[in-house]
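J.: So here's coords34.cif, just mmCIF, C-alpha atoms:
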data_coords
loop_
_atom_site.label_atom_id
_atom_site.label_comp_id
_atom_site.auth_asym_id
_atom_site.auth_seq_id
_atom_site.Cartn_x
_atom_site.Cartn_y
_atom_site.Cartn_z
CA MET A 49 58.86 -23.95 4.42
CA TYR A 50 57.94 -25.44 1.05
CA LYS A 51 56.23 -28.40 2.74
CA LEU A 52 54.30 -26.05 5.02
CA TYR A 53 53.12 -24.00 2.04
CA LEU A 54 52.15 -27.16 0.15
CA THR A 55 50.17 -28.40 3.16
CA TYR A 56 48.38 -25.05 3.34
CA LEU A 57 47.44 -25.27 -0.35
CA ILE A 58 46.14 -28.81 0.10
CA PHE A 59 43.92 -27.74 2.98
CA MET A 60 42.71 -24.75 1.00
CA VAL A 61 41.78 -26.97 -1.93
CA LEU A 62 40.11 -29.48 0.37
CA GLY A 63 38.20 -26.70 2.06
CA ILE A 64 36.94 -25.36 -1.24
CA SER A 65 36.12 -28.87 -2.34
CA CYS A 66 34.17 -29.56 0.86
CA SER A 67 32.30 -26.28 0.48
CA SER A 68 31.55 -27.08 -3.15
CA ARG A 69 30.33 -30.56 -2.26
CA HIS A 70 28.23 -29.13 0.56
CA HIS A 71 26.47 -26.72 -1.77
CA GLY A 72 26.16 -29.37 -4.43
CA ASP A 73 24.46 -31.51 -1.81
CA ILE A 74 22.07 -28.67 -0.98
CA TRP A 75 21.18 -28.34 -4.66
CA GLN A 76 20.55 -32.06 -5.01
CA GLU A 77 18.66 -32.24 -1.71
CA SER A 78 16.51 -29.31 -2.81
CA GLN A 79 15.77 -30.94 -6.16
CA LYS A 80 14.76 -34.14 -4.41
CA GLU A 81 12.54 -32.32 -1.92
CA LEU A 82 10.90 -30.24 -4.64
CA ALA A 83 10.09 -33.41 -6.57
CA ALA A 84 8.57 -34.98 -3.44
CA TYR A 85 6.53 -31.84 -2.76
CA ARG A 86 5.25 -31.76 -6.34
CA SER A 87 4.29 -35.41 -6.06
CA GLU A 88 2.19 -34.56 -2.98
CA LEU A 89 0.59 -31.68 -4.87
CA ASP A 90 -0.29 -34.00 -7.76
CA SER A 91 -1.94 -36.44 -5.36
CA MET A 92 -3.89 -33.75 -3.57
CA ARG A 93 -5.06 -32.11 -6.77
CA ALA A 94 -6.29 -35.49 -7.98
CA GLU A 95 -8.16 -36.03 -4.71
CA PHE A 96 -9.55 -32.49 -4.55
CA ARG A 97 -9.12 -30.03 -7.43
CA GLU A 98 -6.79 -27.36 -8.82
CA CYS A 99 -7.26 -23.88 -10.21
CA ASP A 100 -5.05 -22.02 -12.68
CA MET A 101 -3.09 -19.17 -11.11
CA PRO A 102 -0.51 -16.76 -12.60
CA GLY A 103 2.76 -18.46 -13.53
CA VAL A 104 4.92 -16.06 -11.52
CA PRO A 105 7.74 -17.69 -9.52
CA PHE A 106 8.23 -15.94 -6.18
CA PHE A 107 8.53 -16.71 -2.49
CA LEU A 108 7.75 -14.76 0.68
CA PHE A 109 10.03 -14.82 3.71
CA GLY A 110 9.41 -13.52 7.23
CA MET A 111 7.20 -15.78 9.32
CA GLY A 112 5.66 -14.48 12.53
CA ASP A 113 7.22 -11.34 13.99
CA ARG A 114 9.99 -11.22 11.41
CA GLU A 115 10.57 -8.57 8.76
CA LYS A 116 8.91 -9.40 5.45
CA TYR A 117 10.85 -10.12 2.28
CA LEU A 118 9.95 -11.05 -1.27
CA TYR A 119 12.21 -13.13 -3.48
CA LYS A 120 11.73 -13.03 -7.24
CA ASN A 121 13.95 -12.95 -10.33
CA GLY A 122 17.22 -13.08 -8.42
CA GLN A 123 16.30 -10.26 -6.05
CA LEU A 124 15.59 -10.22 -2.33
CA ILE A 125 13.27 -7.29 -1.75
CA GLU A 126 11.92 -5.61 1.38
CA SER A 127 8.19 -6.19 0.99
CA PHE A 128 6.97 -2.82 2.26
CA SER A 129 9.64 -0.46 0.97
CA GLY A 130 10.34 -2.25 -2.30
CA LYS A 131 14.08 -1.84 -1.64
CA VAL A 132 16.29 -4.50 -3.22
CA ILE A 133 18.71 -5.60 -0.49
CA LYS A 134 20.41 -8.48 -2.35
CA GLU A 135 20.66 -9.25 -6.04
CA TRP A 136 22.23 -12.07 -8.00
CA SER A 137 22.78 -12.86 -11.66
CA VAL A 138 20.80 -16.09 -11.82
CA ASN A 139 21.72 -18.97 -14.07
CA GLU A 140 19.28 -21.35 -12.41
CA GLU A 141 17.11 -21.27 -9.29
CA LEU A 142 15.08 -23.63 -7.15
CA ILE A 143 12.18 -22.36 -5.05
CA VAL A 144 11.38 -25.11 -2.55
CA PRO A 145 8.31 -24.00 -0.55
CA SER A 146 8.24 -27.05 1.74
CA LEU A 147 11.77 -26.24 2.95
CA TYR A 148 11.17 -22.45 3.11
CA ARG A 149 14.19 -22.25 0.81
CA VAL A 150 15.46 -20.63 -2.39
CA VAL A 151 18.67 -21.94 -3.96
CA ILE A 152 20.42 -19.90 -6.66
CA LYS A 153 23.11 -20.90 -9.11
CA THR A 154 24.72 -17.69 -10.28
CA ASP A 155 26.29 -17.00 -13.66
CA ASP A 156 29.65 -17.07 -11.85
CA GLY A 157 29.05 -20.64 -10.71
CA GLU A 158 28.30 -19.81 -7.07
CA ILE A 159 25.47 -21.42 -5.13
CA ILE A 160 23.55 -19.09 -2.82
CA VAL A 161 20.93 -20.30 -0.33
CA LEU A 162 18.12 -18.29 1.24
CA GLN A 163 16.78 -20.40 4.09
CA GLU A 164 14.16 -19.65 6.72
CA ASP A 165 13.95 -21.91 9.74
CA GLU A 166 12.80 -21.82 13.36
CA GLU A 167 15.60 -19.40 14.25
CA ALA A 168 15.76 -16.79 11.47
CA LEU A 169 16.02 -16.08 7.76
CA TRP A 170 19.56 -16.91 6.62
CA LEU A 171 21.74 -16.07 3.67
CA ILE A 172 24.26 -18.87 3.11
CA ASP A 173 26.99 -18.01 0.61
CA ASP A 174 29.27 -20.25 -1.44
CA ASN A 175 31.79 -20.39 1.42
CA ASP A 176 29.09 -21.70 3.76
CA LYS A 177 29.01 -18.42 5.68
CA ARG A 178 25.60 -17.97 7.35
CA THR A 179 24.26 -14.45 7.84
CA VAL A 180 20.95 -13.46 9.41
CA ILE A 181 18.98 -11.20 7.09
CA GLY A 182 17.50 -8.06 8.65
CA GLU A 183 15.30 -8.25 11.73
CA THR A 184 14.38 -11.91 11.37
CA SER A 185 16.09 -13.50 14.37
CA TYR A 186 12.91 -14.43 16.24
CA PRO A 187 11.85 -17.99 17.15
CA VAL A 188 8.98 -19.63 15.28
CA SER A 189 7.53 -23.11 15.81
CA LEU A 190 7.61 -24.98 12.50
CA PRO A 191 6.19 -28.52 12.89
CA SER A 192 7.08 -31.08 10.24
CA PHE A 193 3.58 -32.69 10.25
CA SER A 194 5.52 -35.85 9.43
CA ASP A 195 2.63 -38.16 10.38
CA ALA A 196 0.21 -36.45 7.98
CA ARG A 197 -0.51 -37.66 4.47
CA TYR A 198 0.10 -34.20 3.00
CA SER A 199 2.88 -33.15 5.37
CA ARG A 200 4.72 -30.92 2.89
CA ILE A 201 1.56 -29.15 1.80
CA LEU A 202 0.63 -28.54 5.45
CA LYS A 203 4.06 -26.92 5.97
CA VAL A 204 3.46 -24.56 3.06
CA LEU A 205 -0.08 -23.66 4.15
CA HIS A 206 1.28 -23.00 7.64
CA GLN A 207 3.92 -20.73 6.12
CA GLU A 208 1.30 -18.79 4.14
CA ILE A 209 -0.49 -18.08 7.43
CA LEU A 210 2.61 -17.18 9.45
CA VAL A 211 4.10 -14.90 6.81
CA ASN A 212 0.96 -12.73 6.85
CA ILE A 213 1.30 -11.75 10.51
CA VAL A 214 2.57 -8.17 10.56
CA ASP A 215 3.45 -6.48 13.86
CA GLY A 216 1.26 -9.03 15.62
CA MET A 217 -1.70 -8.42 13.31
CA PRO A 218 -3.09 -11.40 11.37
CA LEU A 219 -3.84 -10.20 7.84
CA PRO A 220 -5.63 -11.93 4.95
CA ASN A 221 -2.79 -10.84 2.64
CA TYR A 222 -0.38 -8.13 3.72
CA PHE A 223 0.03 -6.64 0.25
CA VAL A 224 -3.64 -5.76 -0.16
CA TYR A 225 -5.02 -5.50 3.40
CA LYS A 226 -3.74 -3.22 6.16
CA ASN A 227 -6.27 -4.06 8.88
CA GLY A 228 -6.92 -7.33 10.65
CA TRP A 229 -10.27 -9.06 10.10
CA ARG A 230 -11.88 -10.90 13.00
CA ARG A 231 -13.24 -13.64 10.74
CA ASP A 232 -9.92 -14.35 9.01
CA GLY A 233 -8.04 -13.77 12.26
CA ALA A 234 -10.14 -16.35 14.10
CA MET A 235 -9.49 -18.98 11.44
CA MET A 236 -5.77 -18.18 11.48
CA ALA A 237 -5.77 -18.43 15.28
CA MET A 238 -7.25 -21.93 15.12
CA CYS A 239 -4.22 -22.96 13.07
CA LEU A 240 -1.74 -21.09 15.26
CA GLN A 241 -3.16 -22.87 18.31
CA GLN A 242 -2.43 -26.18 16.62
CA THR A 243 1.22 -25.27 16.00
CA GLY A 244 2.12 -23.35 19.16
CA ASN A 245 2.29 -19.93 17.49
CA ALA A 246 -0.76 -18.14 18.92
CA GLU A 247 1.46 -15.77 20.91
CA PHE A 248 2.33 -13.99 17.66
CA ILE A 249 -1.12 -12.36 17.57
CA LYS A 250 -1.39 -11.61 21.30
CA SER A 251 -0.45 -7.93 20.98
CA TRP A 252 -3.14 -7.40 18.33
CA VAL A 253 -5.80 -9.19 20.35
CA MET A 254 -4.91 -7.38 23.57
CA ASN A 255 -5.17 -4.02 21.80
CA LEU A 256 -8.69 -4.66 20.50
CA SER A 257 -11.22 -2.24 21.95
CA ASP A 258 -14.17 -2.63 19.57
CA PRO A 259 -16.41 -5.72 19.27
CA TYR A 260 -16.30 -5.23 15.48
CA ASP A 261 -13.56 -4.79 12.90
CA ARG A 262 -15.82 -2.58 10.71
CA ASN A 263 -13.80 -3.59 7.64
CA ASN A 264 -16.75 -4.30 5.34
CA ALA A 265 -17.67 -0.73 4.43
CA GLY A 266 -17.87 0.14 8.12
CA GLU A 267 -20.61 -2.38 8.92
CA MET A 268 -20.95 -3.87 12.39
CA GLU A 269 -21.00 -7.57 11.50
CA ALA A 270 -22.66 -9.81 14.06
CA ASP A 271 -20.32 -12.76 13.53
CA ASN A 272 -17.49 -10.55 14.84
CA LEU A 273 -18.94 -10.90 18.34
CA GLY A 274 -18.23 -14.62 18.65
CA GLN A 275 -14.97 -14.35 16.73
CA THR A 276 -13.68 -11.66 19.07
CA LEU A 277 -14.72 -13.67 22.12
CA TYR A 278 -12.76 -16.65 20.82
CA LEU A 279 -9.68 -14.54 20.08
CA LEU A 280 -9.85 -12.99 23.55
CA SER A 281 -10.22 -16.43 25.14
CA LEU A 282 -6.69 -17.27 24.01
CA PHE A 283 -5.23 -14.66 26.38
CA VAL A 284 -7.79 -13.32 28.91
CA ASP A 285 -10.65 -14.50 31.12
CA LYS A 286 -14.36 -13.68 31.14
CA GLU A 287 -13.90 -10.59 33.34
CA TYR A 288 -11.92 -8.75 30.66
CA PRO A 289 -13.62 -5.40 29.77
CA LEU A 290 -14.07 -6.13 26.06
CA VAL A 291 -15.66 -9.49 26.89
CA GLN A 292 -18.22 -7.69 29.04
CA GLN A 293 -18.79 -5.11 26.30
CA ILE A 294 -19.49 -7.87 23.77
CA LEU A 295 -21.99 -9.53 26.10
CA LYS A 296 -23.94 -6.28 26.23
CA GLU A 297 -23.65 -5.82 22.46
CA THR A 298 -25.22 -9.21 21.71
CA LYS A 299 -28.54 -7.97 23.11
CA LYS A 300 -28.94 -5.77 20.01
CA TYR A 301 -29.12 -8.85 17.79
CA GLU A 302 -31.23 -11.21 19.85
CA LYS A 303 -34.23 -12.84 18.21
CA THR A 304 -36.63 -15.44 19.57
CA ASN A 305 -38.68 -18.08 17.78
CA ALA A 306 -40.49 -21.22 18.91
CA GLN A 307 -37.15 -22.99 19.39
CA GLY A 308 -35.54 -20.31 21.56
CA LYS A 309 -33.15 -17.38 21.44
CA TYR A 310 -30.48 -16.69 18.82
CA ILE A 311 -28.81 -13.68 17.19
CA GLN A 312 -29.35 -12.28 13.72
CA GLY A 313 -27.48 -9.50 11.93
CA ARG A 314 -25.45 -8.87 8.80
CA SER A 315 -22.20 -10.49 7.74
CA ASP A 316 -20.69 -9.97 4.29
CA PHE A 317 -23.66 -7.71 3.50
CA HIS A 318 -26.43 -10.22 4.26
CA GLU A 319 -28.05 -11.93 7.23
CA THR A 320 -26.41 -15.15 8.47
CA PRO A 321 -28.10 -16.02 11.79
CA VAL A 322 -26.97 -19.65 12.02
CA TYR A 323 -23.33 -18.82 11.33
CA GLN A 324 -23.41 -15.84 13.71
CA THR A 325 -25.07 -17.74 16.54
CA LYS A 326 -22.69 -20.67 16.19
CA PHE A 327 -19.70 -18.37 16.48
CA LEU A 328 -21.23 -16.61 19.48
CA LYS A 329 -21.94 -19.89 21.27
CA TRP A 330 -18.45 -21.13 20.58
CA GLY A 331 -16.87 -17.91 21.85
CA LEU A 332 -18.96 -18.11 25.02
CA LYS A 333 -17.90 -21.71 25.52
CA GLN A 334 -14.19 -20.89 25.15
CA LEU A 335 -14.51 -18.35 27.97
CA GLY A 336 -16.68 -20.55 30.19
CA LEU A 337 -19.60 -18.13 29.98
CA GLU A 338 -23.29 -18.89 30.34
CA ASP A 339 -24.98 -19.74 27.05
CA ASP A 340 -28.76 -19.76 26.66
CA TYR A 341 -28.78 -19.48 22.86
CA ILE A 342 -30.02 -22.15 20.45
CA ILE A 343 -28.93 -22.80 16.86
CA PRO A 344 -31.98 -21.70 14.85
CA GLU A 345 -33.33 -24.20 12.35
CA ILE A 346 -33.60 -21.69 9.52
CA GLU A 347 -31.98 -21.22 6.14
CA ASP A 348 -28.56 -19.56 6.14
CA ASP A 349 -26.14 -19.72 3.20
CA TYR A 350 -23.20 -19.44 5.65
CA ALA A 351 -24.44 -22.18 8.00
CA SER A 352 -21.96 -24.77 6.74
CA LEU A 353 -18.99 -22.38 7.00
CA PHE A 354 -18.91 -23.14 10.73
CA TRP A 355 -17.92 -26.81 10.53
CA TRP A 356 -16.08 -27.68 13.78
CA ASP A 357 -18.98 -27.69 16.25
CA TYR A 358 -22.80 -27.61 16.44
CA LYS A 359 -23.20 -29.76 13.34
CA ASP A 360 -26.43 -31.41 14.46
CA THR A 361 -28.60 -28.44 13.43
CA TYR A 362 -28.63 -27.82 9.70
CA VAL A 363 -31.30 -26.72 7.24
CA SER A 364 -30.39 -27.40 3.63
CA SER A 365 -31.02 -24.57 1.21
CA THR A 366 -30.54 -23.95 -2.48
CA LYS A 367 -28.70 -20.80 -1.40
CA ASP A 368 -26.30 -22.69 0.89
CA ALA A 369 -22.58 -22.72 0.14
CA TYR A 370 -22.99 -26.52 -0.06
CA ASN A 371 -25.18 -26.16 -3.12
CA LEU A 372 -24.02 -22.84 -4.56
CA TRP A 373 -20.82 -23.02 -6.60
CA LYS A 374 -18.60 -20.02 -5.83
CA ASP A 375 -16.60 -19.86 -9.12
CA ASP A 376 -13.34 -20.12 -7.14
CA LYS A 377 -13.01 -16.42 -6.35
CA TYR A 378 -13.58 -17.02 -2.63
CA PRO A 379 -12.34 -20.61 -2.21
CA TYR A 380 -12.39 -20.47 1.59
CA ILE A 381 -16.19 -20.58 1.42
CA GLY A 382 -16.18 -23.77 -0.64
CA TRP A 383 -13.48 -25.41 1.51
CA ALA A 384 -15.38 -24.65 4.72
CA ALA A 385 -18.63 -26.04 3.28
CA ASP A 386 -16.83 -29.15 2.04
CA HIS A 387 -15.33 -29.65 5.49
CA PHE A 388 -18.81 -29.49 7.01
CA HIS A 389 -20.25 -32.01 4.54
CA GLY A 390 -17.19 -34.23 4.10
CA LEU A 391 -16.83 -33.41 0.40
CA LYS A 392 -13.77 -32.88 -1.80
CA ARG A 393 -14.75 -30.38 -4.47
CA ASN A 394 -12.55 -27.34 -3.93
CA PRO A 395 -9.16 -26.29 -5.26
CA ILE A 396 -5.63 -25.31 -4.45
CA SER A 397 -3.36 -23.54 -6.94
CA ASN A 398 -1.83 -25.35 -9.90
CA ARG A 399 1.48 -23.63 -8.99
CA ASP A 400 4.09 -24.65 -6.43
CA TYR A 401 3.56 -21.44 -4.47
CA PRO A 402 1.46 -19.84 -3.23
CA LEU A 403 -1.31 -22.40 -2.89
CA THR A 404 -4.11 -20.02 -1.88
CA TRP A 405 -5.84 -16.83 -3.04
CA GLU A 406 -8.83 -14.50 -3.02
CA ILE A 407 -10.12 -12.74 -6.15
CA GLU A 408 -12.22 -9.59 -6.59
CA ALA A 409 -12.84 -8.91 -2.91
CA SER A 410 -14.73 -5.69 -2.32
CA GLN A 411 -12.40 -4.23 0.33
CA ALA A 412 -8.98 -5.25 -1.05
CA ASP A 413 -6.51 -2.81 -2.63
CA TYR A 414 -4.92 -4.90 -5.35
CA GLN A 415 -2.40 -2.24 -6.29
CA GLY A 416 -0.26 -3.70 -3.51
CA MET A 417 0.27 -6.87 -5.57
CA ARG A 418 2.19 -4.92 -8.23
CA ILE A 419 5.47 -5.55 -6.39
CA ILE A 420 5.00 -9.23 -7.24
CA ASP A 421 3.56 -8.94 -10.75
CA GLU A 422 1.10 -6.86 -12.75
CA GLN A 423 -0.93 -10.01 -13.49
CA TYR A 424 -2.18 -10.02 -9.90
CA VAL A 425 -3.30 -6.40 -10.13
CA GLU A 426 -5.10 -6.93 -13.43
CA GLY A 427 -6.69 -10.15 -12.17
CA ARG A 428 -7.59 -8.57 -8.79
CA ASN A 429 -5.93 -11.55 -7.17
CA ALA A 430 -4.43 -11.62 -3.66
CA SER A 431 -2.13 -14.64 -3.30
CA PRO A 432 -1.58 -16.12 -0.79
CA HIS A 433 -4.71 -15.66 1.32
CA THR A 434 -4.85 -16.74 4.94
CA TRP A 435 -8.53 -17.66 5.29
CA HIS A 436 -8.15 -19.98 2.30
CA ALA A 437 -4.88 -21.35 3.73
CA ALA A 438 -6.48 -21.88 7.15
CA GLU A 439 -9.49 -23.75 5.77
CA VAL A 440 -7.32 -26.11 3.71
CA PHE A 441 -4.86 -26.56 6.58
CA LEU A 442 -7.58 -27.48 9.08
CA TYR A 443 -9.35 -29.73 6.58
CA LEU A 444 -6.16 -31.71 5.93
CA LEU A 445 -5.37 -32.02 9.63
CA ASP A 446 -8.89 -33.27 10.29
CA LEU A 447 -8.67 -35.64 7.33
CA ASN A 448 -5.51 -37.14 8.78
CA GLN A 449 -7.08 -37.58 12.22
CA LYS A 450 -10.08 -39.36 10.72
CA GLU A 451 -7.80 -41.72 8.79
CA ASP A 452 -5.90 -42.55 11.98
#
Represent the structure from my file as structure tokens, please.
T.:
Amino acid sequence: MYKLYLTYLIFMVLGISCSSRHHGDIWQESQKELAAYRSELDSMRAEFRECDMPGVPFFLFGMGDREKYLYKNGQLIESFSGKVIKEWSVNEELIVPSLYRVVIKTDDGEIIVLQEDEEALWLIDDNDKRTVIGETSYPVSLPSFSDARYSRILKVLHQEILVNIVDGMPLPNYFVYKNGWRRDGAMMAMCLQQTGNAEFIKSWVMNLSDPYDRNNAGEMEADNLGQTLYLLSLFVDKEYPLVQQILKETKKYEKTNAQGKYIQGRSDFHETPVYQTKFLKWGLKQLGLEDDYIIPEIEDDYASLFWWDYKDTYVSSTKDAYNLWKDDKYPYIGWAADHFHGLKRNPISNRDYPLTWEIEASQADYQGMRIIDEQYVEGRNASPHTWHAAEVFLYLLDLNQKED
């Protein structure tokens, strides 16, 4: 009996030891990965640029259809209710964005892991017990981008896009925006197509009934027409009722000059005919529809924001995003223009996470950022921001393809 009891104790000790070593390994692995990620960030900031953002450590969990959670200061918080669902007395913590992981050393000497992966968001305790947190057990495709020069940064940018999909709706930032934008949604969809995650926004797209999002003070923005056509092309064909409605709607914006026919209306409170026509032509092409529009050779300060097609028609202007510095409040504009012209002038954050933002947008409610920190409310700063994340993500993917 004594020998049996002794054997039991030995196995218990070994079990605890193995668990301790396992969690010690996770801590060391996380430190190593964080150092590698920061090295990538240093390289990218040297190649491009950085911008100072609030020094507030936090991380968002809940990619795709999953429930949304905020981690900060030893608390795991439901993003929308503000309810604290888990809390730890933190001695030390590691937030490792490129692993979608937070590791906590508690004052009691325990190591707790919050880990999101392709299956779910997990809580892993000091006994190596894995528990799914909330309604997060939904599959997500999370490529490693291992062949890319900035593979870890691409993973984080991808996460910043995925985490801002709420009930199928792609949002610029879910703390400050409650409605999907066609412009931001289209750029997000381009990324989701690349990673096999476009299905996450299908319900939102299929429920669209208006050619416009009307989010900019209720305006009917002409670029929405092409953006909505593209979004629809991911899931329907050219006979779909909203497609036919958009084709009729384009007639309201048609203009003709010596070169041919194009569309002209307002976007972001000013006329952007080149940008609008490019998006329309691209949407028509995605659906296999007839296209008799030309890209007008006229000045348009948004012309270079459409960088992935129709690059042969461009009229330089002192008002163009290429020439006009945007003081980093709307960095997606600068990144898009740099992508068009092959330049490297625009920034990511000087923090580990998030890497992207938008500041002082006219339609954003920054009170929603208070759950993260008052600095974001006072600075009218929405971080992360999916249009910014999408532009950087697509630029880096394209950069890698060109290098290959």
J.: Between atom CA of A:Phe106 and atom CA of A:Tyr424, what is the distance in Å, rounded to a tenth?
T.: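 Distance reported for this atom pair: 12.5 Å.
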J.: Which residues, named as in the file, does the PyMOL selection byres ((chain A and resi 177-181) around 12) pick out? Answer as a ChimeraX atom specification.
T.: /A:67,70-71,109-110,114-117,124-126,133-134,159-165,167-176,182-186
J.: Can you list, as a list in words, every protein, DNA or RNA residue that comes within 12 Å of A:Leu82 when you count only C-alpha atoms, leaving out same-chain residues fewer than 6 positions away?
T.: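 Close residues of A:Leu82: Ile74, Trp75, Gln76, Glu88, Leu89, Glu141, Leu142, Ile143, Val144, Pro145, Ser146, Leu147, Tyr148, Arg149, Val150, Val151, Arg200, Ile201, Asp400 and Tyr401 of chain A.
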J.: Would you compute the distance between atom CA of A:Val138 and atom CA of A:Thr154? Give it in Å to one decimal.
T.: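 Calculated distance between atom CA of A:Val138 and atom CA of A:Thr154 is 4.5 Å.
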J.: Which residues are near stretch 341-356 of chain A? Cut-off 8 Å, all atoms listed in the file, ignore same chain within fewer than 3 positions. Put them as JSON, numbers by chain.
T.: {"A": [307, 308, 309, 310, 319, 320, 321, 322, 323, 325, 326, 327, 329, 359, 361, 362, 363, 364, 365, 367, 368, 369, 370, 381, 384, 385, 387, 388, 389]}
J.: Could you tell me, as a list in words, exactly which residues end up selected when the PyMOL selection byres ((chain A and resi 123) around 7) is applied to this structure?
T.: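 Against this file, the PyMOL selection byres ((chain A and resi 123) around 7) returns the residues Tyr119, Lys120, Asn121, Gly122, Leu124, Ile125, Val132, Lys134, Glu135 and Trp136 of chain A.
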J.: For A:Gly112, which residue out of A:Tyr85, A:Glu77, A:Lys131, A:Pro218 is the nearest one, using all atoms listed in the file?
T.: A:Pro218
J.: Quick one: which residues end up in the PyMOL selection byres ((chain A and resi 203) around 12) for this structure, as JSON, numbers by chain?
T.: {"A": [85, 88, 144, 145, 146, 147, 148, 165, 189, 190, 191, 192, 193, 194, 196, 197, 198, 199, 200, 201, 202, 204, 205, 206, 207, 208, 209, 210, 239, 243, 401, 402, 403, 437, 438, 440, 441, 444, 445]}
J.: Which is closer to A:Trp383 than all the others in A:Arg418, A:His436, A:Arg86, A:Arg231, using only C-alpha atoms?
T.: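 With only C-alpha atoms as the atom set, the closest residue is A:His436.
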J.: Please report the interatomic distance between atom CA of A:Asp285 and atom CA of A:Tyr358 in Å with one decimal.
T.: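 Distance reported for this atom pair: 23.1 Å.
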J.: So that I can check the surroundings of A:Val425, please list as a PDB file with C-alpha atoms, keeping the file's coordinate frame every protein, DNA and RNA residue that reaches within 12 Å of it, counting only C-alpha atoms and ignoring chain neighbours fewer than 2 positions away.
T.:
ATOM      1  CA  PRO A 102      -0.510 -16.760 -12.600  1.00  0.00           C
ATOM      2  CA  PHE A 223       0.030  -6.640   0.250  1.00  0.00           C
ATOM      3  CA  VAL A 224      -3.640  -5.760  -0.160  1.00  0.00           C
ATOM      4  CA  ILE A 407     -10.120 -12.740  -6.150  1.00  0.00           C
ATOM      5  CA  GLU A 408     -12.220  -9.590  -6.590  1.00  0.00           C
ATOM      6  CA  ALA A 412      -8.980  -5.250  -1.050  1.00  0.00           C
ATOM      7  CA  ASP A 413      -6.510  -2.810  -2.630  1.00  0.00           C
ATOM      8  CA  TYR A 414      -4.920  -4.900  -5.350  1.00  0.00           C
ATOM      9  CA  GLN A 415      -2.400  -2.240  -6.290  1.00  0.00           C
ATOM     10  CA  GLY A 416      -0.260  -3.700  -3.510  1.00  0.00           C
ATOM     11  CA  MET A 417       0.270  -6.870  -5.570  1.00  0.00           C
ATOM     12  CA  ARG A 418       2.190  -4.920  -8.230  1.00  0.00           C
ATOM     13  CA  ILE A 419       5.470  -5.550  -6.390  1.00  0.00           C
ATOM     14  CA  ILE A 420       5.000  -9.230  -7.240  1.00  0.00           C
ATOM     15  CA  ASP A 421       3.560  -8.940 -10.750  1.00  0.00           C
ATOM     16  CA  GLU A 422       1.100  -6.860 -12.750  1.00  0.00           C
ATOM     17  CA  GLN A 423      -0.930 -10.010 -13.490  1.00  0.00           C
ATOM     18  CA  GLY A 427      -6.690 -10.150 -12.170  1.00  0.00           C
ATOM     19  CA  ARG A 428      -7.590  -8.570  -8.790  1.00  0.00           C
ATOM     20  CA  ASN A 429      -5.930 -11.550  -7.170  1.00  0.00           C
ATOM     21  CA  ALA A 430      -4.430 -11.620  -3.660  1.00  0.00           C
ATOM     22  CA  SER A 431      -2.130 -14.640  -3.300  1.00  0.00           C
TER      23      SER A 431
END
J.: Considering all atoms listed in the file, state which residue in the set A:Phe317, A:Met254, A:Gly228, A:Leu279 is at the smallest distance from A:Leu240.
T.: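 Closest to A:Leu240, using all atoms listed in the file: A:Leu279.
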J.: Just checking: using all atoms listed in the file, which residue out of A:Pro432, A:Tyr301, A:Gln324, A:Pro395 ends up closest to A:Leu108?
T.: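 Nearest to A:Leu108: A:Pro432.
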J.: With distances taken over only C-alpha atoms, which residue among A:Leu295, A:Ile311, A:Ala84, A:Ala246 lies nearest A:Phe283?
T.: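 Checking each candidate against A:Phe283, we get A:Ala246 as the closest.
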